[in-house]
file data-v8.pdb (PDB, C-alpha atoms)
ATOM      1  CA  MET A   1      25.297 136.500 -42.265
ATOM      2  CA  ALA A   2      25.978 133.878 -44.892
ATOM      3  CA  ARG A   3      28.691 134.372 -47.468
ATOM      4  CA  ALA A   4      27.915 135.637 -50.938
ATOM      5  CA  ILE A   5      26.114 133.065 -53.049
ATOM      6  CA  GLU A   6      28.579 133.534 -55.917
ATOM      7  CA  ARG A   7      31.522 132.634 -53.677
ATOM      8  CA  ILE A   8      29.730 129.553 -52.362
ATOM      9  CA  GLU A   9      28.947 128.420 -55.905
ATOM     10  CA  GLN A  10      32.622 128.771 -56.791
ATOM     11  CA  ASP A  11      33.499 126.509 -53.863
ATOM     12  CA  ILE A  12      30.899 123.971 -54.984
ATOM     13  CA  ALA A  13      32.253 124.007 -58.542
ATOM     14  CA  ALA A  14      35.771 123.350 -57.216
ATOM     15  CA  LEU A  15      34.474 120.468 -55.115
ATOM     16  CA  GLN A  16      32.649 119.004 -58.109
ATOM     17  CA  GLU A  17      35.847 119.065 -60.138
ATOM     18  CA  ALA A  18      37.706 117.311 -57.317
ATOM     19  CA  ILE A  19      34.962 114.685 -57.069
ATOM     20  CA  ARG A  20      35.117 114.058 -60.816
ATOM     21  CA  ALA A  21      38.837 113.418 -60.460
ATOM     22  CA  ILE A  22      38.140 111.025 -57.578
ATOM     23  CA  ALA A  23      35.533 109.264 -59.730
ATOM     24  CA  ILE A  24      38.052 108.634 -62.505
ATOM     25  CA  GLU A  25      40.620 107.395 -59.995
ATOM     26  CA  LEU A  26      38.072 105.125 -58.322
ATOM     27  CA  GLN A  27      36.938 103.672 -61.630
ATOM     28  CA  SER A  28      40.555 102.950 -62.582
ATOM     29  CA  ALA A  29      41.207 101.341 -59.205
ATOM     30  CA  TYR A  30      38.180  99.083 -59.545
ATOM     31  CA  ALA A  31      39.116  98.100 -63.092
ATOM     32  CA  SER A  32      42.471  96.864 -61.816
ATOM     33  CA  TYR A  33      40.976  95.316 -58.679
ATOM     34  CA  LEU A  34      38.243  93.377 -60.486
ATOM     35  CA  ASN A  35      40.688  92.086 -63.072
ATOM     36  CA  THR A  36      42.964  90.794 -60.318
ATOM     37  CA  LEU A  37      39.963  89.470 -58.405
ATOM     38  CA  GLY A  38      38.878  87.475 -61.435
ATOM     39  CA  LEU A  39      42.242  85.728 -61.584
ATOM     40  CA  ALA A  40      42.234  85.124 -57.837
ATOM     41  CA  VAL A  41      38.691  83.739 -57.869
ATOM     42  CA  ARG A  42      39.577  81.203 -60.545
ATOM     43  CA  LYS A  43      42.607  80.101 -58.542
ATOM     44  CA  GLN A  44      40.713  79.824 -55.251
ATOM     45  CA  LEU A  45      37.827  77.972 -56.899
ATOM     46  CA  ILE A  46      40.239  75.356 -58.233
ATOM     47  CA  LEU A  47      42.012  75.052 -54.866
ATOM     48  CA  ALA A  48      38.711  74.695 -53.013
ATOM     49  CA  SER A  49      37.489  72.097 -55.522
ATOM     50  CA  TYR A  50      40.766  70.200 -55.209
ATOM     51  CA  HIS A  51      40.518  70.084 -51.421
ATOM     52  CA  LEU A  52      36.873  69.065 -51.494
ATOM     53  CA  CYS A  53      37.538  66.221 -53.945
ATOM     54  CA  THR A  54      40.710  64.947 -52.282
ATOM     55  CA  GLN A  55      40.107  65.694 -48.594
ATOM     56  CA  GLY A  56      36.370  66.109 -48.204
ATOM     57  CA  TYR A  57      34.991  63.324 -50.414
ATOM     58  CA  PRO A  58      37.983  61.319 -51.696
ATOM     59  CA  GLU A  59      36.014  58.075 -52.030
ATOM     60  CA  ASN A  60      33.371  59.694 -54.196
ATOM     61  CA  PHE A  61      35.989  61.309 -56.403
ATOM     62  CA  LEU A  62      37.835  58.012 -56.832
ATOM     63  CA  HIS A  63      34.632  56.403 -58.078
ATOM     64  CA  LEU A  64      34.739  58.674 -61.127
ATOM     65  CA  SER A  65      36.473  57.511 -64.266
ATOM     66  CA  LEU A  66      39.460  59.423 -65.635
ATOM     67  CA  ASN A  67      37.256  61.011 -68.288
ATOM     68  CA  GLN A  68      34.651  62.009 -65.703
ATOM     69  CA  ARG A  69      37.299  63.687 -63.566
ATOM     70  CA  GLN A  70      38.690  65.592 -66.532
ATOM     71  CA  GLN A  71      35.237  66.735 -67.625
ATOM     72  CA  LEU A  72      34.425  67.895 -64.097
ATOM     73  CA  GLN A  73      37.689  69.810 -63.855
ATOM     74  CA  GLN A  74      37.029  71.443 -67.219
ATOM     75  CA  ALA A  75      33.535  72.490 -66.122
ATOM     76  CA  ILE A  76      34.908  74.026 -62.925
ATOM     77  CA  ARG A  77      37.601  75.937 -64.842
ATOM     78  CA  LYS A  78      35.060  77.342 -67.302
ATOM     79  CA  SER A  79      32.726  78.308 -64.486
ATOM     80  CA  GLY A  80      35.552  80.294 -62.900
ATOM     81  CA  GLN A  81      36.378  81.915 -66.233
ATOM     82  CA  LEU A  82      32.782  83.040 -66.687
ATOM     83  CA  ALA A  83      32.726  84.555 -63.206
ATOM     84  CA  ALA A  84      35.946  86.455 -63.958
ATOM     85  CA  GLU A  85      34.341  87.933 -67.074
ATOM     86  CA  GLN A  86      31.224  88.912 -65.142
ATOM     87  CA  LEU A  87      33.277  90.863 -62.623
ATOM     88  CA  LEU A  88      34.123  93.403 -65.349
ATOM     89  CA  ILE A  89      30.597  93.843 -66.726
ATOM     90  CA  TYR A  90      29.758  96.855 -64.567
ATOM     91  CA  LEU A  91      32.788  98.733 -65.866
ATOM     92  CA  THR A  92      31.792  98.705 -69.529
ATOM     93  CA  SER A  93      28.894 100.334 -71.314
ATOM     94  CA  GLU A  94      28.691  97.645 -73.935
ATOM     95  CA  GLU A  95      25.822  95.239 -73.342
ATOM     96  CA  SER A  96      26.620  91.608 -74.066
ATOM     97  CA  GLY A  97      24.221  88.914 -75.162
ATOM     98  CA  GLU A  98      24.004  85.595 -73.410
ATOM     99  CA  ASP A  99      24.877  83.874 -76.672
ATOM    100  CA  GLU A 100      28.305  85.517 -76.524
ATOM    101  CA  VAL A 101      29.190  83.823 -73.256
ATOM    102  CA  ASP A 102      31.292  80.703 -73.515
ATOM    103  CA  GLU A 103      29.313  77.793 -72.213
ATOM    104  CA  VAL A 104      30.469  74.476 -70.890
ATOM    105  CA  ASP A 105      30.113  71.582 -73.316
ATOM    106  CA  GLU A 106      27.684  68.897 -72.358
ATOM    107  CA  VAL A 107      29.361  66.338 -70.157
ATOM    108  CA  ASP A 108      27.652  62.968 -70.517
ATOM    109  CA  GLU A 109      30.213  61.218 -68.343
ATOM    110  CA  VAL A 110      29.615  63.561 -65.413
ATOM    111  CA  ASP A 111      25.966  62.667 -65.018
ATOM    112  CA  GLU A 112      25.133  64.930 -67.963
ATOM    113  CA  VAL A 113      26.052  68.251 -66.412
ATOM    114  CA  ASP A 114      23.537  70.714 -67.804
ATOM    115  CA  GLU A 115      24.905  73.756 -69.616
ATOM    116  CA  LYS A 116      22.292  75.833 -67.809
ATOM    117  CA  VAL A 117      24.199  75.317 -64.563
ATOM    118  CA  ILE A 118      26.962  77.442 -66.083
ATOM    119  CA  SER A 119      25.134  79.751 -68.485
ATOM    120  CA  SER A 120      22.338  80.654 -66.065
ATOM    121  CA  SER A 121      24.744  82.742 -64.019
ATOM    122  CA  SER A 122      25.302  85.048 -66.984
ATOM    123  CA  SER A 123      21.662  86.083 -67.188
ATOM    124  CA  LEU A 124      21.585  87.363 -63.623
ATOM    125  CA  PHE A 125      24.304  89.937 -64.166
ATOM    126  CA  LEU A 126      23.989  90.705 -67.870
ATOM    127  CA  ASN A 127      20.360  91.670 -67.387
ATOM    128  CA  THR A 128      21.034  93.829 -64.343
ATOM    129  CA  SER A 129      23.890  95.833 -65.841
ATOM    130  CA  SER A 130      22.540  99.335 -66.360
ATOM    131  CA  SER A 131      24.133 102.393 -67.907
ATOM    132  CA  GLN A 132      23.481 104.417 -64.757
ATOM    133  CA  TYR A 133      26.094 102.295 -62.986
ATOM    134  CA  LEU A 134      28.558 102.006 -65.854
ATOM    135  CA  THR A 135      30.295 105.335 -65.469
ATOM    136  CA  ALA A 136      31.839 106.778 -62.371
ATOM    137  CA  ASN A 137      32.482 110.150 -64.048
ATOM    138  CA  THR A 138      30.111 112.133 -61.878
ATOM    139  CA  SER A 139      30.389 115.209 -59.710
ATOM    140  CA  ASP A 140      27.739 113.996 -57.265
ATOM    141  CA  PRO A 141      29.356 112.144 -54.327
ATOM    142  CA  ILE A 142      26.085 110.430 -53.446
ATOM    143  CA  GLU A 143      25.691 108.951 -56.924
ATOM    144  CA  LEU A 144      29.329 107.904 -56.938
ATOM    145  CA  ALA A 145      28.885 106.187 -53.571
ATOM    146  CA  LYS A 146      25.833 104.347 -54.932
ATOM    147  CA  TRP A 147      27.836 103.239 -57.974
ATOM    148  CA  GLN A 148      30.578 101.888 -55.720
ATOM    149  CA  GLN A 149      28.068 100.073 -53.510
ATOM    150  CA  LYS A 150      26.373  98.456 -56.503
ATOM    151  CA  LEU A 151      29.749  97.283 -57.738
ATOM    152  CA  GLU A 152      30.577  95.685 -54.386
ATOM    153  CA  GLU A 153      27.167  94.008 -54.227
ATOM    154  CA  ALA A 154      27.608  92.659 -57.756
ATOM    155  CA  ALA A 155      30.992  91.141 -56.836
ATOM    156  CA  GLN A 156      29.509  89.450 -53.775
ATOM    157  CA  ASP A 157      26.577  88.130 -55.812
ATOM    158  CA  ILE A 158      28.922  86.691 -58.424
ATOM    159  CA  LEU A 159      30.930  84.847 -55.772
ATOM    160  CA  LYS A 160      27.736  83.496 -54.236
ATOM    161  CA  LYS A 161      26.402  82.372 -57.615
ATOM    162  CA  LEU A 162      29.737  80.799 -58.560
ATOM    163  CA  SER A 163      29.850  78.849 -55.289
ATOM    164  CA  HIS A 164      26.301  77.649 -55.858
ATOM    165  CA  ASP A 165      26.953  76.547 -59.448
ATOM    166  CA  ALA A 166      30.237  74.835 -58.539
ATOM    167  CA  ASN A 167      28.482  72.853 -55.818
ATOM    168  CA  LEU A 168      25.810  71.781 -58.295
ATOM    169  CA  LEU A 169      28.508  70.624 -60.708
ATOM    170  CA  LEU A 170      30.182  68.609 -57.963
ATOM    171  CA  GLN A 171      26.883  67.131 -56.864
ATOM    172  CA  LYS A 172      25.834  66.189 -60.397
ATOM    173  CA  ALA A 173      29.220  64.561 -60.856
ATOM    174  CA  GLY A 174      28.647  62.463 -57.755
ATOM    175  CA  VAL A 175      31.323  64.039 -55.563
ATOM    176  CA  LEU A 176      28.932  65.833 -53.242
ATOM    177  CA  PRO A 177      26.335  63.425 -51.781
ATOM    178  CA  LYS A 178      23.197  63.056 -53.903
ATOM    179  CA  LYS A 179      21.018  62.991 -50.816
ATOM    180  CA  LEU A 180      21.746  66.658 -50.163
ATOM    181  CA  PRO A 181      18.991  68.596 -51.973
ATOM    182  CA  GLU A 182      19.844  71.980 -53.443
ATOM    183  CA  PRO A 183      17.862  73.927 -50.797
ATOM    184  CA  ILE A 184      19.991  72.280 -48.108
ATOM    185  CA  LEU A 185      23.185  73.513 -49.740
ATOM    186  CA  ALA A 186      21.741  77.016 -50.045
ATOM    187  CA  ALA A 187      20.573  77.027 -46.429
ATOM    188  CA  ALA A 188      23.947  75.771 -45.228
ATOM    189  CA  ALA A 189      25.775  78.527 -47.080
ATOM    190  CA  ALA A 190      23.401  81.124 -45.615
ATOM    191  CA  ALA A 191      23.961  79.765 -42.124
ATOM    192  CA  ALA A 192      27.718  79.941 -42.551
ATOM    193  CA  SER A 193      27.513  83.649 -43.339
ATOM    194  CA  GLU A 194      25.853  84.408 -40.006
ATOM    195  CA  ALA A 195      28.076  85.411 -37.131
ATOM    196  CA  SER A 196      26.205  83.118 -34.753
ATOM    197  CA  ALA A 197      26.624  80.020 -36.911
ATOM    198  CA  GLU A 198      28.930  77.328 -35.595
ATOM    199  CA  VAL A 199      31.156  76.482 -38.511
ATOM    200  CA  MET A 200      33.845  73.846 -38.227
ATOM    201  CA  PRO A 201      37.397  75.077 -38.929
ATOM    202  CA  GLY A 202      38.821  74.141 -42.280
ATOM    203  CA  PRO A 203      40.504  75.371 -45.452
ATOM    204  CA  PRO A 204      39.523  78.784 -46.868
ATOM    205  CA  ASN A 205      36.546  79.162 -49.197
ATOM    206  CA  LEU A 206      35.027  75.892 -48.046
ATOM    207  CA  LEU A 207      31.891  75.442 -45.996
ATOM    208  CA  ASN A 208      32.387  72.792 -43.343
ATOM    209  CA  LEU A 209      29.548  72.238 -40.910
ATOM    210  CA  VAL A 210      27.156  69.677 -39.479
ATOM    211  CA  ILE A 211      23.422  69.797 -40.166
ATOM    212  CA  GLU A 212      20.477  67.560 -39.424
ATOM    213  CA  ILE A 213      18.687  66.031 -42.394
ATOM    214  CA  GLU A 214      15.311  64.394 -41.903
ATOM    215  CA  ASN A 215      13.948  61.752 -44.251
ATOM    216  CA  GLU A 216      10.159  61.853 -44.309
ATOM    217  CA  GLN A 217       9.806  58.317 -45.666
ATOM    218  CA  GLN A 218      12.547  56.609 -43.691
ATOM    219  CA  SER A 219      13.057  58.233 -40.336
ATOM    220  CA  GLU A 220      15.976  55.903 -39.558
ATOM    221  CA  ASP A 221      17.981  57.718 -42.232
ATOM    222  CA  SER A 222      17.581  60.993 -40.400
ATOM    223  CA  GLY A 223      20.465  62.338 -38.375
ATOM    224  CA  LEU A 224      23.474  64.601 -38.312
ATOM    225  CA  THR A 225      25.380  64.950 -41.554
ATOM    226  CA  GLN A 226      28.682  66.721 -42.096
ATOM    227  CA  ILE A 227      28.701  68.943 -45.153
ATOM    228  CA  MET A 228      31.722  70.229 -46.985
ATOM    229  CA  ALA A 229      30.931  72.516 -49.902
ATOM    230  CA  ILE A 230      32.452  75.432 -51.790
ATOM    231  CA  ASN A 231      31.721  78.821 -50.259
ATOM    232  CA  LEU A 232      33.887  81.521 -51.846
ATOM    233  CA  ARG A 233      34.380  84.479 -49.522
ATOM    234  CA  LEU A 234      35.793  87.803 -50.638
ATOM    235  CA  GLY A 235      37.740  88.388 -47.437
ATOM    236  CA  GLU A 236      39.549  85.062 -47.686
ATOM    237  CA  ILE A 237      40.284  85.556 -51.382
ATOM    238  CA  GLU A 238      41.803  88.979 -50.698
ATOM    239  CA  PHE A 239      43.814  87.654 -47.748
ATOM    240  CA  ALA A 240      45.422  84.988 -49.930
ATOM    241  CA  ASP A 241      46.470  87.400 -52.684
ATOM    242  CA  VAL A 242      48.988  90.146 -51.889
ATOM    243  CA  THR A 243      48.243  92.114 -55.067
ATOM    244  CA  LEU A 244      44.505  91.979 -54.500
ATOM    245  CA  SER A 245      44.911  93.037 -50.887
ATOM    246  CA  SER A 246      47.042  96.001 -51.972
ATOM    247  CA  GLU A 247      44.460  97.079 -54.528
ATOM    248  CA  ARG A 248      41.721  96.883 -51.889
ATOM    249  CA  LYS A 249      43.775  99.224 -49.698
ATOM    250  CA  ARG A 250      44.017 101.644 -52.624
ATOM    251  CA  ILE A 251      40.235 101.611 -53.018
ATOM    252  CA  ARG A 252      39.747 102.248 -49.315
ATOM    253  CA  SER A 253      42.136 105.198 -49.477
ATOM    254  CA  ILE A 254      40.201 106.703 -52.390
ATOM    255  CA  LEU A 255      36.915 106.205 -50.543
ATOM    256  CA  VAL A 256      38.306 108.075 -47.528
ATOM    257  CA  GLN A 257      39.014 111.030 -49.825
ATOM    258  CA  LEU A 258      35.539 110.723 -51.354
ATOM    259  CA  ASN A 259      33.866 110.734 -47.933
ATOM    260  CA  LYS A 260      35.807 113.829 -46.940
ATOM    261  CA  LEU A 261      34.829 115.661 -50.131
ATOM    262  CA  GLY A 262      31.263 114.432 -49.734
ATOM    263  CA  ARG A 263      30.946 115.978 -46.290
ATOM    264  CA  GLU A 264      32.357 119.269 -47.557
ATOM    265  CA  TYR A 265      30.050 119.110 -50.586
ATOM    266  CA  LYS A 266      26.983 118.662 -48.356
ATOM    267  CA  LYS A 267      28.150 121.453 -46.078
ATOM    268  CA  ARG A 268      28.541 123.902 -48.977
ATOM    269  CA  TYR A 269      25.107 123.078 -50.399
ATOM    270  CA  LYS A 270      23.526 123.712 -47.008
ATOM    271  CA  GLU A 271      25.427 126.990 -46.779
ATOM    272  CA  LYS A 272      24.134 127.916 -50.232
ATOM    273  CA  ALA A 273      20.550 127.129 -49.227
ATOM    274  CA  ILE A 274      20.906 129.327 -46.154
ATOM    275  CA  ALA A 275      22.359 132.189 -48.204
ATOM    276  CA  GLU A 276      19.560 131.913 -50.772
ATOM    277  CA  ALA A 277      16.926 131.806 -48.031
ATOM    278  CA  GLU A 278      18.364 134.919 -46.389
ATOM    279  CA  ALA A 279      18.422 136.711 -49.731
ATOM    280  CA  ALA A 280      14.823 135.671 -50.401
ATOM    281  CA  TRP A 281      13.783 136.938 -46.949
ATOM    282  CA  ARG A 282      15.380 140.321 -47.556
ATOM    283  CA  ALA A 283      13.873 140.567 -51.031
ATOM    284  CA  SER A 284      10.341 140.046 -49.746
ATOM    285  CA  TRP A 285      10.593 142.105 -46.548
ATOM    286  CA  PHE A 286       8.879 145.501 -46.367
ATOM    287  CA  GLU A 287       8.708 147.838 -43.397
ATOM    288  CA  ASP A 288       5.231 148.722 -42.179
TER
END
call {"tool": "encode", "arguments": {"input": "data-v8.pdb", "output": "structure tokens"}}
result
Amino acid sequence: MARAIERIEQDIAALQEAIRAIAIELQSAYASYLNTLGLAVRKQLILASYHLCTQGYPENFLHLSLNQRQQLQQAIRKSGQLAAEQLLIYLTSEESGEDEVDEVDEVDEVDEVDEKVISSSSSLFLNTSSSQYLTANTSDPIELAKWQQKLEEAAQDILKKLSHDANLLLQKAGVLPKKLPEPILAAAAAAASEASAEVMPGPPNLLNLVIEIENEQQSEDSGLTQIMAINLRLGEIEFADVTLSSERKRIRSILVQLNKLGREYKKRYKEKAIAEAEAAWRASWFED
């Protein structure tokens, strides 16, 4: 026979209190992690851009004037800064307007880099930030797990968007080859994320592979082309930063505790349902 419903409810209440404590700890851990991640992303973006300009396409970079190089570097720095700010959006309940985001000044010398290349990334995340994901203070382990998953997905999306925008900046500046259309860059990045893709070894956070590009008008221009482009990857960013790696371990430890409490929480609710069903059976049963 199932335990008394009152005792089961007491156990559930205790579990809910423990889960609320885990939620606060998890939120604090992510606040620290995302702040550190923002700094690390900016650093890795600059390092990847440096390697691409000096090792991947040195001739193209040398063709730029001093002013063009400085404007490109400024645009890359501001793009990284914007991404760092976006990483913290899901941890605040205050909605921000796109007009509050610092945008990159127009750069005439760098083939007129459009501000939309930078500011467009803000709309994706500012518009998707929702209050239901802004607080981890919940006693429901399922909702807390969903909050954590949304946060991880948002971080991955920001890195993907930052890589895409940085590549567009480099292409508009003339560092990346003009003949590579934007869909090709996107397809190459997608291919690199697949386990079966054959990616050439190279520095971290850089995509380095060979693809075939066909020219419909001039078939003689078709052939294999080596592509080097920015492809920021969370695993590589964490590996390169001791503090960030340590904070990731802390998050994993908290999630282990959450999973344990979640299993116990589910078990107690099932036990409660059984006890209530047995009580309902007895309440409605009459001897003939």
call {"tool": "resolve_selection", "arguments": {"input": "data-v8.pdb", "expression": "the PyMOL selection byres ((chain A and resi 163) around 6)", "output": "MDAnalysis selection string"}}
result
chainID A and resid 160:162 164:166 230:232
call {"tool": "atom_distance", "arguments": {"input": "data-v8.pdb", "atom1": "CA of Thr225 in chain A", "atom2": "CA of Cys53 in chain A"}}
result
17.4 Å
call {"tool": "residues_around", "arguments": {"input": "data-v8.pdb", "residues": "range 235-245 of chain A", "least_positions_apart": "5", "cutoff": "7 Å", "atoms": "only C-alpha atoms", "output": "JSON, numbers by chain"}}
result
{"A": [33, 36, 37, 40, 41, 44, 204, 205]}
call {"tool": "closest_residue", "arguments": {"input": "data-v8.pdb", "among": "A:Ala145, A:Ser28, A:Leu52, A:Phe61", "to": "Val256 in chain A", "atoms": "only C-alpha atoms"}}
result
A:Ala145
call {"tool": "atom_distance", "arguments": {"input": "data-v8.pdb", "atom1": "CA of Gln71 in chain A", "atom2": "CA of Met228 in chain A"}}
result
21.2 Å
call {"tool": "atom_distance", "arguments": {"input": "data-v8.pdb", "atom1": "CA of Lys172 in chain A", "atom2": "CA of Ala48 in chain A"}}
result
17.1 Å
call {"tool": "resolve_selection", "arguments": {"input": "data-v8.pdb", "expression": "the PyMOL selection byres ((chain A and resi 271) around 12)", "output": "list in words"}}
result
Met1, Ala2, Arg3, Ala4, Ile5, Glu6, Arg7, Ile8, Glu9, Asp11, Ile12, Glu264, Tyr265, Lys266, Lys267, Arg268, Tyr269, Lys270, Lys272, Ala273, Ile274, Ala275, Glu276, Ala277 and Glu278 of chain A
call {"tool": "closest_residue", "arguments": {"input": "data-v8.pdb", "among": "A:Ile227, A:Tyr57, A:Gln16, A:Ile22", "to": "Gln257 in chain A", "atoms": "all atoms listed in the file"}}
result
A:Ile22
call {"tool": "residues_around", "arguments": {"input": "data-v8.pdb", "residues": "Gln81 in chain A", "least_positions_apart": "2", "cutoff": "9 Å", "atoms": "only C-alpha atoms", "output": "ChimeraX atom specification"}}
result
/A:38-39,41-42,76-79,83-86,102
call {"tool": "residues_around", "arguments": {"input": "data-v8.pdb", "residues": "Leu176 in chain A", "least_positions_apart": "2", "cutoff": "12 Å", "atoms": "all atoms listed in the file", "output": "short mmCIF file (atom, residue, chain, number, x, y, z; two decimals) with C-alpha atoms, in the frame of the given file"}}
result
data_model
loop_
_atom_site.label_atom_id
_atom_site.label_comp_id
_atom_site.auth_asym_id
_atom_site.auth_seq_id
_atom_site.Cartn_x
_atom_site.Cartn_y
_atom_site.Cartn_z
CA SER A 49 37.49 72.10 -55.52
CA LEU A 52 36.87 69.06 -51.49
CA CYS A 53 37.54 66.22 -53.94
CA THR A 54 40.71 64.95 -52.28
CA GLY A 56 36.37 66.11 -48.20
CA TYR A 57 34.99 63.32 -50.41
CA PRO A 58 37.98 61.32 -51.70
CA GLU A 59 36.01 58.08 -52.03
CA ASN A 60 33.37 59.69 -54.20
CA PHE A 61 35.99 61.31 -56.40
CA ALA A 166 30.24 74.83 -58.54
CA ASN A 167 28.48 72.85 -55.82
CA LEU A 168 25.81 71.78 -58.30
CA LEU A 169 28.51 70.62 -60.71
CA LEU A 170 30.18 68.61 -57.96
CA GLN A 171 26.88 67.13 -56.86
CA LYS A 172 25.83 66.19 -60.40
CA ALA A 173 29.22 64.56 -60.86
CA GLY A 174 28.65 62.46 -57.76
CA LYS A 178 23.20 63.06 -53.90
CA LYS A 179 21.02 62.99 -50.82
CA LEU A 180 21.75 66.66 -50.16
CA PRO A 181 18.99 68.60 -51.97
CA GLU A 182 19.84 71.98 -53.44
CA LEU A 185 23.18 73.51 -49.74
CA GLN A 226 28.68 66.72 -42.10
CA ILE A 227 28.70 68.94 -45.15
CA MET A 228 31.72 70.23 -46.98
CA ALA A 229 30.93 72.52 -49.90
CA ILE A 230 32.45 75.43 -51.79
#
call {"tool": "closest_residue", "arguments": {"input": "data-v8.pdb", "among": "A:Leu82, A:Leu207, A:Leu255, A:Ala155", "to": "Ile19 in chain A", "atoms": "all atoms listed in the file"}}
result
A:Leu255
call {"tool": "axis_aligned_box", "arguments": {"input": "data-v8.pdb", "around": "range 264-278 of chain A", "padding_each_side": "5 Å", "output": "lines of an AutoDock Vina configuration file"}}
result
center_x = 24.6
center_y = 126.8
center_z = -48.4
size_x = 25.4
size_y = 26.3
size_z = 14.7
call {"tool": "closest_residue", "arguments": {"input": "data-v8.pdb", "among": "A:Arg233, A:Lys150, A:Ala279, A:Arg250", "to": "Pro203 in chain A", "atoms": "all atoms listed in the file"}}
result
A:Arg233
call {"tool": "closest_residue", "arguments": {"input": "data-v8.pdb", "among": "A:Leu72, A:Leu261, A:Glu153, A:Asn35", "to": "Ala21 in chain A", "atoms": "all atoms listed in the file"}}
result
A:Leu261
call {"tool": "residues_near_point", "arguments": {"input": "data-v8.pdb", "point": "(27.1, 112.4, -56.2)", "cutoff": "10 Å", "atoms": "only C-alpha atoms", "output": "number ranges by chain"}}
result
A: 16, 19-20, 23, 136-147, 258, 262, 265
call {"tool": "closest_residue", "arguments": {"input": "data-v8.pdb", "among": "A:Lys43, A:Gln55, A:Glu152, A:Gln73", "to": "Ile251 in chain A", "atoms": "all atoms listed in the file"}}
result
A:Glu152
